[in-house]
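So this block is start_23.txt, compact mmCIF, C-alpha atoms:
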# COMPACT_ATOMS: atom_id res chain seq x y z
CA MET A 105 0.00 0.00 0.00
CA ALA A 106 1.40 3.37 -1.00
CA LYS A 107 1.93 5.98 1.68
CA LYS A 108 1.49 9.65 0.83
CA ILE A 109 4.39 11.88 1.82
CA LEU A 110 4.65 15.66 1.70
CA LYS A 111 7.91 16.84 0.14
CA ALA A 112 9.24 20.40 -0.11
CA THR A 113 10.53 19.66 -3.60
CA PHE A 114 10.84 23.31 -4.58
CA GLU A 115 12.09 24.76 -1.32
CA ASN A 116 13.94 27.50 -3.19
CA ARG A 117 10.56 29.00 -4.13
CA CYS A 118 9.45 29.47 -0.49
CA ASN A 119 8.64 33.10 0.34
CA GLY A 120 8.31 32.53 4.08
CA CYS A 121 4.60 33.30 4.33
CA GLU A 122 4.11 30.36 6.71
CA LEU A 123 0.62 29.63 5.38
CA CYS A 124 1.58 25.93 5.22
CA ILE A 125 2.32 25.90 8.95
CA LEU A 126 -0.91 27.67 9.76
CA GLU A 127 -2.90 25.29 7.53
CA ALA A 128 -1.42 22.22 9.19
CA GLN A 129 -2.03 23.71 12.61
CA ARG A 130 -5.65 24.56 11.75
CA GLN A 131 -6.20 20.97 10.72
CA LEU A 132 -4.87 19.99 14.16
CA GLY A 133 -7.20 22.50 15.82
CA LYS A 134 -4.44 24.93 16.79
CA VAL A 135 -3.21 28.39 15.90
CA GLY A 136 0.48 28.93 16.64
CA LEU A 137 3.98 27.81 15.83
CA SER A 138 4.71 25.17 18.46
CA ASP A 139 4.59 21.43 17.77
CA THR A 140 4.06 22.08 14.10
CA PRO A 141 4.30 19.33 11.45
CA VAL A 142 6.00 21.85 9.14
CA ARG A 143 8.58 24.39 10.21
CA VAL A 144 10.00 27.27 8.16
CA LEU A 145 13.51 28.30 9.18
CA ARG A 146 14.94 31.64 8.14
CA ASP A 147 18.48 31.86 6.84
CA ALA A 148 19.71 35.42 6.80
CA SER A 149 23.41 34.58 6.85
CA SER A 150 23.99 35.90 3.33
CA SER A 151 22.81 39.21 1.94
CA ASN A 152 19.46 37.65 1.01
CA LEU A 153 16.80 36.00 3.12
CA TYR A 154 16.26 32.31 2.37
CA PHE A 155 13.92 29.77 3.85
CA HIS A 156 14.43 26.13 4.74
CA LEU A 157 11.58 23.76 5.43
CA VAL A 158 11.56 20.97 7.95
CA ILE A 159 8.75 18.44 7.63
CA TYR A 160 7.90 16.01 10.42
CA GLU A 161 6.30 13.18 8.48
CA GLU A 162 4.80 11.39 11.46
CA ALA A 163 2.98 14.50 12.60
CA LEU A 164 1.40 14.82 9.16
CA GLU A 165 -0.02 11.30 9.09
CA ASN A 166 -3.67 12.14 9.60
CA LEU A 167 -3.70 15.49 7.87
CA ASN A 168 -5.09 16.52 4.52
CA LEU A 169 -1.86 17.02 2.59
CA GLU A 170 -3.65 18.29 -0.51
CA GLU A 171 -4.82 21.32 1.47
CA ILE A 172 -1.25 22.09 2.51
CA VAL A 173 -0.07 21.83 -1.09
CA LYS A 174 -2.97 23.99 -2.25
CA ILE A 175 -2.43 26.83 0.22
CA CYS A 176 1.22 27.38 -0.72
CA PRO A 177 1.30 30.41 -3.06
CA THR A 178 4.59 29.44 -4.71
CA GLY A 179 4.15 25.70 -5.28
CA VAL A 180 6.85 24.51 -2.89
CA PHE A 181 5.27 21.16 -2.08
CA GLU A 182 4.31 18.00 -3.83
CA ILE A 183 2.84 14.77 -2.57
CA ILE A 184 4.70 11.66 -3.47
CA GLU A 185 3.58 8.11 -2.95
CA GLU A 186 6.02 5.77 -1.31
CA GLU A 187 5.58 2.00 -0.96
CA ASN A 188 5.27 0.96 2.66
CA GLU A 189 7.80 -1.82 3.09
CA ASN A 190 6.22 -3.07 6.29
CA LEU A 191 3.09 -4.21 4.54
CA ILE A 192 2.86 -7.43 2.58
CA SER A 193 0.85 -6.93 -0.54
CA MET B 210 -19.79 45.26 24.77
CA LYS B 211 -19.83 42.00 26.65
CA THR B 212 -16.74 39.86 26.66
CA LEU B 213 -13.60 41.64 25.57
CA LEU B 214 -10.29 40.13 26.32
CA ALA B 215 -7.80 41.91 28.56
CA LYS B 216 -4.71 43.23 26.82
CA LYS B 217 -1.40 41.66 27.77
CA ILE B 218 1.36 44.23 27.95
CA LEU B 219 5.00 43.35 28.52
CA GLU B 220 6.77 46.32 30.10
CA ILE B 221 10.56 46.31 29.87
CA ASP B 222 12.63 48.82 31.82
CA LEU B 223 16.08 49.20 30.26
CA GLU B 224 17.53 51.22 33.13
CA LYS B 225 16.58 48.69 35.82
CA LYS B 226 16.94 45.70 33.49
CA SER B 227 13.58 44.49 34.74
CA TYR B 228 10.29 43.53 33.16
CA GLN B 229 6.73 42.69 34.06
CA LEU B 230 3.66 41.37 32.30
CA LYS B 231 0.45 43.25 32.95
CA LYS B 232 -3.03 42.10 32.06
CA ARG B 233 -5.01 45.25 31.41
CA ASP B 234 -8.80 44.99 31.40
CA ASP B 235 -8.99 48.77 31.17
CA LEU B 236 -7.47 48.64 27.66
CA SER B 237 -9.74 45.93 26.31
CA HIS B 238 -11.95 48.38 24.41
CA LEU B 239 -8.96 49.36 22.28
CA LEU B 240 -8.70 46.96 19.37
CA GLY B 241 -4.91 47.00 19.26
CA GLY B 242 -2.17 48.43 17.07
CA VAL B 243 -2.14 52.18 16.75
CA GLY B 244 -5.04 52.65 19.20
CA LEU B 245 -3.38 50.63 21.92
CA SER B 246 -0.02 52.25 21.21
CA MET B 247 -1.38 55.79 21.48
CA LYS B 248 -2.95 55.02 24.86
CA LEU B 249 0.22 53.37 26.15
CA TYR B 250 2.33 56.24 24.84
CA GLN B 251 0.16 58.68 26.75
CA GLU B 252 0.65 56.65 29.92
CA PHE B 253 4.42 56.24 29.63
CA ARG B 254 5.35 59.41 27.79
CA GLY B 255 7.87 60.51 30.46
CA LYS B 256 9.90 57.32 30.05
CA LYS B 257 10.44 57.62 26.31
CA PRO B 258 8.54 54.46 25.40
CA LEU B 259 9.14 52.41 22.29
CA ILE B 260 5.96 50.43 21.73
CA PHE B 261 5.53 47.38 19.54
CA SER B 262 1.92 46.29 19.27
CA VAL B 263 -0.28 43.93 17.32
CA GLY B 264 -4.01 43.63 16.82
CA PRO B 265 -6.58 40.94 17.48
CA LEU B 266 -6.33 39.34 14.02
CA ASN B 267 -2.54 39.07 13.67
CA GLY B 268 -1.58 35.42 13.40
CA PHE B 269 -5.21 34.40 13.03
CA PHE B 270 -6.23 35.84 9.66
CA PRO B 271 -4.44 36.46 6.35
CA PHE B 272 -2.96 39.85 5.42
CA CYS B 273 -2.78 40.93 9.08
CA SER B 274 0.95 40.83 8.96
CA LYS B 275 2.29 44.13 10.28
CA THR B 276 3.44 45.29 13.69
CA SER B 277 2.80 48.80 14.93
CA VAL B 278 5.94 50.60 16.11
CA PHE B 279 5.14 53.78 18.03
CA PHE B 280 7.44 56.29 19.73
CA GLY B 281 7.94 59.99 20.27
CA VAL B 282 10.81 62.40 19.80
CA LYS B 283 10.45 65.88 21.29
CA ASN B 284 6.91 66.96 20.40
CA ASN B 285 6.42 64.56 17.53
CA VAL B 286 5.10 61.02 17.55
CA TYR B 287 5.81 58.41 14.91
CA ASP B 288 3.65 55.44 13.98
CA TYR B 289 5.46 52.98 11.78
CA TYR B 290 4.49 49.51 10.64
CA ILE B 291 6.98 46.78 9.97
CA GLY B 292 6.24 43.51 8.19
CA GLY B 293 8.00 40.15 8.23
CA SER B 294 7.34 37.60 10.91
CA LEU B 295 7.27 39.91 13.93
CA SER B 296 3.52 40.28 14.38
CA HIS B 297 3.04 36.51 14.49
CA ARG B 298 5.85 36.09 17.01
CA ILE B 299 4.43 38.74 19.32
CA LYS B 300 0.95 37.26 19.01
CA PHE B 301 2.15 33.71 19.63
CA ALA B 302 4.11 34.99 22.62
CA GLY B 303 0.65 35.78 24.00
CA LEU B 304 1.29 39.53 23.95
CA ASP B 305 -0.64 42.50 22.63
CA ALA B 306 2.15 45.01 23.16
CA ILE B 307 5.75 45.30 24.25
CA VAL B 308 6.65 48.62 25.86
CA ILE B 309 10.37 49.34 26.14
CA LEU B 310 11.04 52.11 28.65
CA GLY B 311 14.08 54.27 29.34
CA LYS B 312 17.57 53.91 27.99
CA SER B 313 20.17 51.24 28.63
CA ARG B 314 23.53 52.42 30.04
CA SER B 315 25.43 50.25 27.55
CA ASP B 316 24.67 48.34 24.37
CA ILE B 317 22.18 45.60 25.04
CA PHE B 318 20.36 42.75 23.33
CA LEU B 319 16.88 41.76 24.44
CA ASP B 320 15.91 38.11 24.21
CA ILE B 321 12.14 37.90 24.64
CA GLN B 322 10.48 34.51 24.87
CA ASP B 323 6.77 34.72 25.53
CA ASP B 324 6.51 36.92 28.62
CA GLU B 325 10.10 36.52 29.79
CA VAL B 326 13.02 38.77 28.97
CA THR B 327 16.75 38.13 29.15
CA PHE B 328 19.09 41.13 28.99
CA LEU B 329 22.22 40.19 27.07
CA ASP B 330 25.40 42.23 26.95
CA TYR B 331 26.89 43.30 23.68
CA GLY B 332 29.21 40.66 22.22
CA VAL B 333 27.12 37.52 22.71
CA ASP B 334 26.32 35.46 19.63
CA PHE B 335 22.96 37.03 19.18
CA THR B 336 21.87 34.90 16.25
CA SER B 337 21.98 31.78 18.42
CA GLN B 338 19.34 33.22 20.76
CA GLY B 339 15.61 32.56 20.45
CA LEU B 340 13.86 29.57 18.96
CA PRO B 341 14.47 28.85 15.27
CA GLY B 342 11.22 28.76 13.31
CA ARG B 343 9.46 30.65 16.08
CA ARG B 344 11.59 33.76 16.37
CA SER B 345 12.06 37.16 14.77
CA ILE B 346 15.38 38.93 14.99
CA ILE B 347 15.72 42.71 14.85
CA GLU B 348 19.38 43.58 14.54
CA PHE B 349 21.51 46.60 13.82
CA LYS B 350 23.32 45.95 10.55
CA THR B 351 25.65 48.43 8.88
CA ASN B 352 23.60 51.59 9.26
CA LYS B 353 20.07 50.48 10.07
CA TYR B 354 17.99 47.96 11.97
CA LEU B 355 16.69 45.04 9.97
CA LEU B 356 14.17 42.40 10.86
CA ASP B 357 15.35 38.96 9.77
CA SER B 358 18.00 40.78 7.71
CA TYR B 359 15.41 41.91 5.19
CA PHE B 360 12.44 43.85 6.54
CA ARG B 361 13.02 47.41 7.73
CA PHE B 362 11.25 50.28 9.43
CA SER B 363 9.62 52.80 7.16
CA GLY B 364 11.67 55.71 8.48
CA SER B 365 15.15 56.31 9.84
CA GLU B 366 13.72 57.84 13.03
CA ALA B 367 12.95 54.33 14.30
CA ASP B 368 16.59 53.37 13.73
CA SER B 369 17.74 56.50 15.57
CA PHE B 370 15.37 55.80 18.45
CA LEU B 371 16.52 52.20 18.90
CA ASN B 372 20.09 53.46 18.73
CA PHE B 373 19.35 56.14 21.31
CA LYS B 374 18.11 53.43 23.68
CA ASN B 375 21.37 51.47 23.12
CA ILE B 376 19.44 48.47 21.85
CA SER B 377 21.70 46.49 19.53
CA GLY B 378 19.09 43.88 18.83
CA ILE B 379 15.89 42.17 19.89
CA VAL B 380 14.95 38.55 19.39
CA ILE B 381 11.32 37.60 20.01
CA SER B 382 10.10 34.01 20.17
CA GLY B 383 6.48 32.97 20.57
CA THR B 384 5.76 29.43 21.75
CA LEU B 385 2.05 29.47 22.51
CA ASN B 386 -0.65 27.68 20.57
CA PHE B 387 -4.23 28.95 20.66
CA GLN B 388 -7.55 27.32 19.96
CA VAL B 389 -10.58 28.72 18.21
CA ARG B 390 -13.96 27.51 19.46
CA ASP B 391 -15.67 27.04 16.09
CA LYS B 392 -12.88 25.45 14.05
CA LYS B 393 -14.98 24.82 10.95
CA ALA B 394 -16.33 28.36 10.69
CA TYR B 395 -12.85 29.75 11.37
CA ASP B 396 -11.26 27.64 8.63
CA GLU B 397 -13.97 28.62 6.14
CA LEU B 398 -13.65 32.34 6.87
CA TYR B 399 -9.85 32.14 6.77
CA LYS B 400 -9.88 30.56 3.33
CA GLU B 401 -12.56 32.85 2.01
CA ILE B 402 -10.42 35.88 2.92
CA LEU B 403 -7.34 34.27 1.43
CA THR B 404 -9.03 34.02 -1.95
CA ARG B 405 -9.93 37.71 -2.11
CA TYR B 406 -6.91 38.78 -4.12
CA GLU B 407 -9.00 41.25 -6.08
CA TYR B 408 -9.39 43.40 -2.95
CA LEU B 409 -5.64 43.77 -2.54
CA ASN B 410 -3.83 46.81 -3.74
CA VAL B 411 -0.61 45.06 -4.63
CA LYS B 412 0.62 42.52 -7.15
CA LYS B 413 1.89 39.08 -6.33
CA ASP B 414 5.65 38.79 -6.71
CA GLU B 415 8.60 36.63 -5.77
CA PHE B 416 10.08 38.51 -2.81
CA PRO B 417 10.15 37.31 0.81
CA SER B 418 6.67 37.68 2.23
CA CYS B 419 5.30 38.69 5.59
CA SER B 420 3.88 35.91 7.77
CA GLY B 421 0.27 35.18 6.90
CA CYS B 422 0.47 36.86 3.51
CA PRO B 423 0.95 34.85 0.30
CA MET B 424 1.76 37.83 -1.93
CA GLY B 425 5.56 38.11 -1.69
CA CYS B 426 5.18 41.68 -2.90
CA LYS B 427 8.06 43.96 -3.79
CA ASN B 428 7.17 46.34 -0.96
CA SER B 429 7.04 43.79 1.85
CA ASN B 430 10.39 44.93 3.24
CA ILE B 431 9.69 48.66 3.23
CA GLY B 432 7.16 49.00 6.02
CA GLU B 433 4.45 51.62 6.27
CA ASN B 434 3.62 54.74 8.19
CA SER B 435 0.35 56.40 9.15
CA GLY B 436 -2.79 55.56 7.17
CA ASN B 437 -6.18 54.02 7.92
CA PHE B 438 -6.84 53.91 11.68
CA LEU B 439 -9.03 50.85 11.59
CA VAL B 440 -6.64 48.81 9.46
CA HIS B 441 -3.72 49.91 11.61
CA SER B 442 -5.60 48.93 14.75
CA ILE B 443 -5.90 45.32 13.67
CA VAL B 444 -2.48 45.85 12.27
CA GLY B 445 -3.29 44.70 8.76
CA CYS B 446 -1.29 45.49 5.68
CA GLN B 447 -2.23 48.76 3.96
CA TYR B 448 -2.60 46.81 0.72
CA ALA B 449 -5.46 44.93 2.37
CA LYS B 450 -7.22 48.15 3.36
CA LYS B 451 -10.25 47.44 1.19
CA LEU B 452 -10.69 44.08 2.89
CA TYR B 453 -10.41 45.04 6.52
CA SER B 454 -12.01 48.46 6.38
CA ASN B 455 -15.16 46.46 5.61
CA LYS B 456 -16.64 46.48 9.11
CA ASP B 457 -18.90 43.48 8.48
CA LEU B 458 -15.93 41.33 7.59
CA LEU B 459 -13.89 42.73 10.45
CA ILE B 460 -16.61 41.99 12.99
CA SER B 461 -17.06 38.47 11.61
CA CYS B 462 -13.34 37.85 12.14
CA LEU B 463 -13.39 39.34 15.63
CA ASN B 464 -16.50 37.45 16.68
CA ILE B 465 -15.11 34.11 15.53
CA LEU B 466 -12.17 34.74 17.88
CA ASP B 467 -14.65 35.45 20.70
CA TYR B 468 -14.20 39.21 20.78
CA SER B 469 -17.66 40.64 21.17
CA TYR B 470 -17.23 43.95 19.34
CA THR B 471 -20.30 45.30 17.55
CA HIS B 472 -20.59 47.93 14.81
CA GLU B 473 -21.40 50.48 17.49
CA ASP B 474 -18.31 49.50 19.48
CA ILE B 475 -16.15 49.98 16.40
CA GLU B 476 -17.65 53.41 15.72
CA LYS B 477 -17.11 54.44 19.34
CA TYR B 478 -13.59 53.11 19.19
CA LEU B 479 -12.83 55.18 16.11
CA ASP B 480 -14.16 58.30 17.85
CA THR B 481 -11.87 57.55 20.81
CA LEU B 482 -8.98 57.18 18.40
CA TYR B 483 -9.63 60.46 16.62
CA ASN B 484 -9.75 62.23 19.99
CA LEU B 485 -6.51 60.60 21.07
CA HIS B 486 -4.95 61.39 17.71
CA ASN B 487 -5.70 65.10 18.20
CA GLU B 488 -3.53 65.12 21.31
CA PHE B 489 -0.42 64.25 19.32
CA ILE B 490 1.53 65.77 16.48
CA PHE B 491 2.03 62.90 14.04
CA LYS B 492 5.06 62.90 11.76

Structure translated into structure tokens:
Amino acid sequence: MAKKILKATFENRCNGCELCILEAQRQLGKVGLSDTPVRVLRDASSSNLYFHLVIYEEALENLNLEEIVKICPTGVFEIIEEENENLIS
Amino acid sequence: MKTLLAKKILEIDLEKKSYQLKKRDDLSHLLGGVGLSMKLYQEFRGKKPLIFSVGPLNGFFPFCSKTSVFFGVKNNVYDYYIGGSLSHRIKFAGLDAIVILGKSRSDIFLDIQDDEVTFLDYGVDFTSQGLPGRRSIIEFKTNKYLLDSYFRFSGSEADSFLNFKNISGIVISGTLNFQVRDKKAYDELYKEILTRYEYLNVKKDEFPSCSGCPMGCKNSNIGENSGNFLVHSIVGCQYAKKLYSNKDLLISCLNILDYSYTHEDIEKYLDTLYNLHNEFIFK
């Protein structure tokens, strides 16, 4: 059985709006930035501001990933299907 | 008005290196942002306050992505609005305003996490402070203060004022999660607002965006000053003025968060604001 996984395939497009975090949190019934399934880290070490995404797959298990993909204004995410090796088909 | 939530004000005294959180029921009729800042400025005027404040919708609804920055120099007062992630961090720290009083004797960094403040001497590795992913960093770089190395204040007077207070930097982390009673209605309203691009006065672009705003507009780093009282009370972006100056929409948003403001309350509030405004000379 294929497992759906959220990937930040196009991380370089992220504009730091954090709508993905807020969407995931709303699905969990929360508003805030703690214990989030997705985290956006800011890298200001160079002259530009860049963003890195950290995704906690386990925390996303019961969430609607399509909604997270949809809310991102720059198309950072995609859902990929991965075979679950623990299951015998 | 029935149930309005008390405002949470974090007062920081730079001279005593002390701080305290105050829950102020008496300020609950003030929506937030510029209204709250004006009232606090009036109260603390003698201590040269620098006031950062947010409104009730910051962090909860799209396009409410600015932070009010209010201070006075001689007889003039300045109301600036800075974008980036700051408003969400202040909100998720559980605060409505941060009031920084007096002047530090030497260069200082402030590390604010929720309602606690650590006073750090100049020379510490400031960028390692705060909580990654939940922090905003305001730092003096070259000749001005920048938020997350990109967003800036809309006027150099804010830079001068921070410099005058000997503040080399501020890091603010917010760790609180909130709950909304009617999750379904909240989610629906949130997404309905998010689709109203046609009400925005700015084009979508590919620049770093403010938290809670998908636009990535070319002006996100510039900040704002003065403008619409109502929009700057909820501390929304000026480009979303058409959206949030619609009182029906505004009240729907407020009510879903359990603020019980009515149209009449908003009108009264605006009258209060105009009266307060007349006491100051805005620059």

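Closest to chain A among B:Ile309, B:Cys273, B:Val333, B:Ile291 is B:Cys273, based on all atoms listed in the file.
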
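With all atoms listed in the file taken into account, the protein and nucleic acid residues at most 10 Å from Glu162 (chain A) (excluding it and anything under 4 positions from it in its own chain) are Ile109, Pro141 and Asn166 of chain A.
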
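With all atoms listed in the file taken into account, the protein and nucleic acid residues at most 10 Å from Asp474 (chain B) (excluding it and anything under 3 positions from it in its own chain) are Met210, His238, Leu239, Leu240, Ser469, Tyr470, Thr471, Lys477, Tyr478, Leu479 and Asp480 of chain B.
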
Restricting the output to C-alpha atoms, write the selected residues as an mmCIF file, in the frame of the given file.
data_model
loop_
_atom_site.group_PDB
_atom_site.id
_atom_site.type_symbol
_atom_site.label_atom_id
_atom_site.label_comp_id
_atom_site.auth_asym_id
_atom_site.auth_seq_id
_atom_site.Cartn_x
_atom_site.Cartn_y
_atom_site.Cartn_z
ATOM 1 C CA MET B 210 -19.790 45.260 24.770
ATOM 2 C CA HIS B 238 -11.950 48.380 24.410
ATOM 3 C CA LEU B 239 -8.960 49.360 22.280
ATOM 4 C CA LEU B 240 -8.700 46.960 19.370
ATOM 5 C CA SER B 469 -17.660 40.640 21.170
ATOM 6 C CA TYR B 470 -17.230 43.950 19.340
ATOM 7 C CA THR B 471 -20.300 45.300 17.550
ATOM 8 C CA LYS B 477 -17.110 54.440 19.340
ATOM 9 C CA TYR B 478 -13.590 53.110 19.190
ATOM 10 C CA LEU B 479 -12.830 55.180 16.110
ATOM 11 C CA ASP B 480 -14.160 58.300 17.850
#

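For the atom pair formed by CA of Gly292 (chain B) and CA of Cys419 (chain B), the distance is 5.6 Å, given to one decimal.
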
#### Entry: Close residues, region 110-127 of chain A itself excluded, 7 Å, all atoms listed in the file, min 2 positions apart in chain, as a VMD selection string
(chain A and resid 108 129 to 131 135 140 142 to 144 155 to 157 169 172 175 to 176 178 180 to 184) or (chain B and resid 416 to 423 425)

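CA of Gln338 (chain B) to CA of Ser262 (chain B) spans 21.8 Å [interatomic distance, one decimal].
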
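Between Ile443 (chain B) and the residues B:Thr351, B:Asn284, B:Ser358, B:Ser296, the shortest atom-to-atom distance, using all atoms listed in the file, involves B:Ser296.
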
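Picture a line from CA of Ser274 (chain B) to CA of Leu219 (chain B); it runs 20.1 Å.
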
### Query
So, counting only C-alpha atoms, which residue among A:Glu186, A:Ser138, A:Leu132, A:Glu170 is closest to chain B?
A:Ser138

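Of the listed residues B:Tyr395, B:Tyr408, B:Phe373, B:Phe349, the one whose atoms come nearest to Gly311 (chain B) is B:Phe373, with distances taken using all atoms listed in the file.
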
### Query
Which residues, written as a VMD selection string, have at least one atom at most 9 Å from Ser345 (chain B), with all atoms listed in the file counted and residues fewer than 2 positions away on the same chain left out?
chain B and resid 293 to 295 298 339 to 343 347 356 to 357 379 to 382

Write to file, as a PDB file, in the coordinates of the input, the residues of the selection just made, with C-alpha atoms.
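File written: part22.pdb
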ATOM      1  CA  GLY B 293       8.000  40.150   8.230  1.00  0.00           C
ATOM      2  CA  SER B 294       7.340  37.600  10.910  1.00  0.00           C
ATOM      3  CA  LEU B 295       7.270  39.910  13.930  1.00  0.00           C
ATOM      4  CA  ARG B 298       5.850  36.090  17.010  1.00  0.00           C
ATOM      5  CA  GLY B 339      15.610  32.560  20.450  1.00  0.00           C
ATOM      6  CA  LEU B 340      13.860  29.570  18.960  1.00  0.00           C
ATOM      7  CA  PRO B 341      14.470  28.850  15.270  1.00  0.00           C
ATOM      8  CA  GLY B 342      11.220  28.760  13.310  1.00  0.00           C
ATOM      9  CA  ARG B 343       9.460  30.650  16.080  1.00  0.00           C
ATOM     10  CA  ILE B 347      15.720  42.710  14.850  1.00  0.00           C
ATOM     11  CA  LEU B 356      14.170  42.400  10.860  1.00  0.00           C
ATOM     12  CA  ASP B 357      15.350  38.960   9.770  1.00  0.00           C
ATOM     13  CA  ILE B 379      15.890  42.170  19.890  1.00  0.00           C
ATOM     14  CA  VAL B 380      14.950  38.550  19.390  1.00  0.00           C
ATOM     15  CA  ILE B 381      11.320  37.600  20.010  1.00  0.00           C
ATOM     16  CA  SER B 382      10.100  34.010  20.170  1.00  0.00           C
TER      17      SER B 382
END

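Each of B:Gly364, B:Gly264, B:Gly432, B:Gly303 was compared to chain A using all atoms listed in the file, and B:Gly303 turns out to be the nearest.
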
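Nearest to chain B of all the residues A:Leu153, A:Val173, A:Val158, A:Ala163 is A:Leu153, counting only C-alpha atoms.
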
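For Lys456 (chain B), the residues within 12 Å (counting only C-alpha atoms, excluding itself and residues fewer than 3 positions away along the chain) are Leu439, Val440, Ile443, Lys450, Lys451, Leu452, Tyr453, Leu459, Ile460, Ser461, Cys462, Leu463, Asn464, Tyr470, Thr471, His472, Glu473, Asp474, Ile475, Glu476 and Leu479 of chain B.
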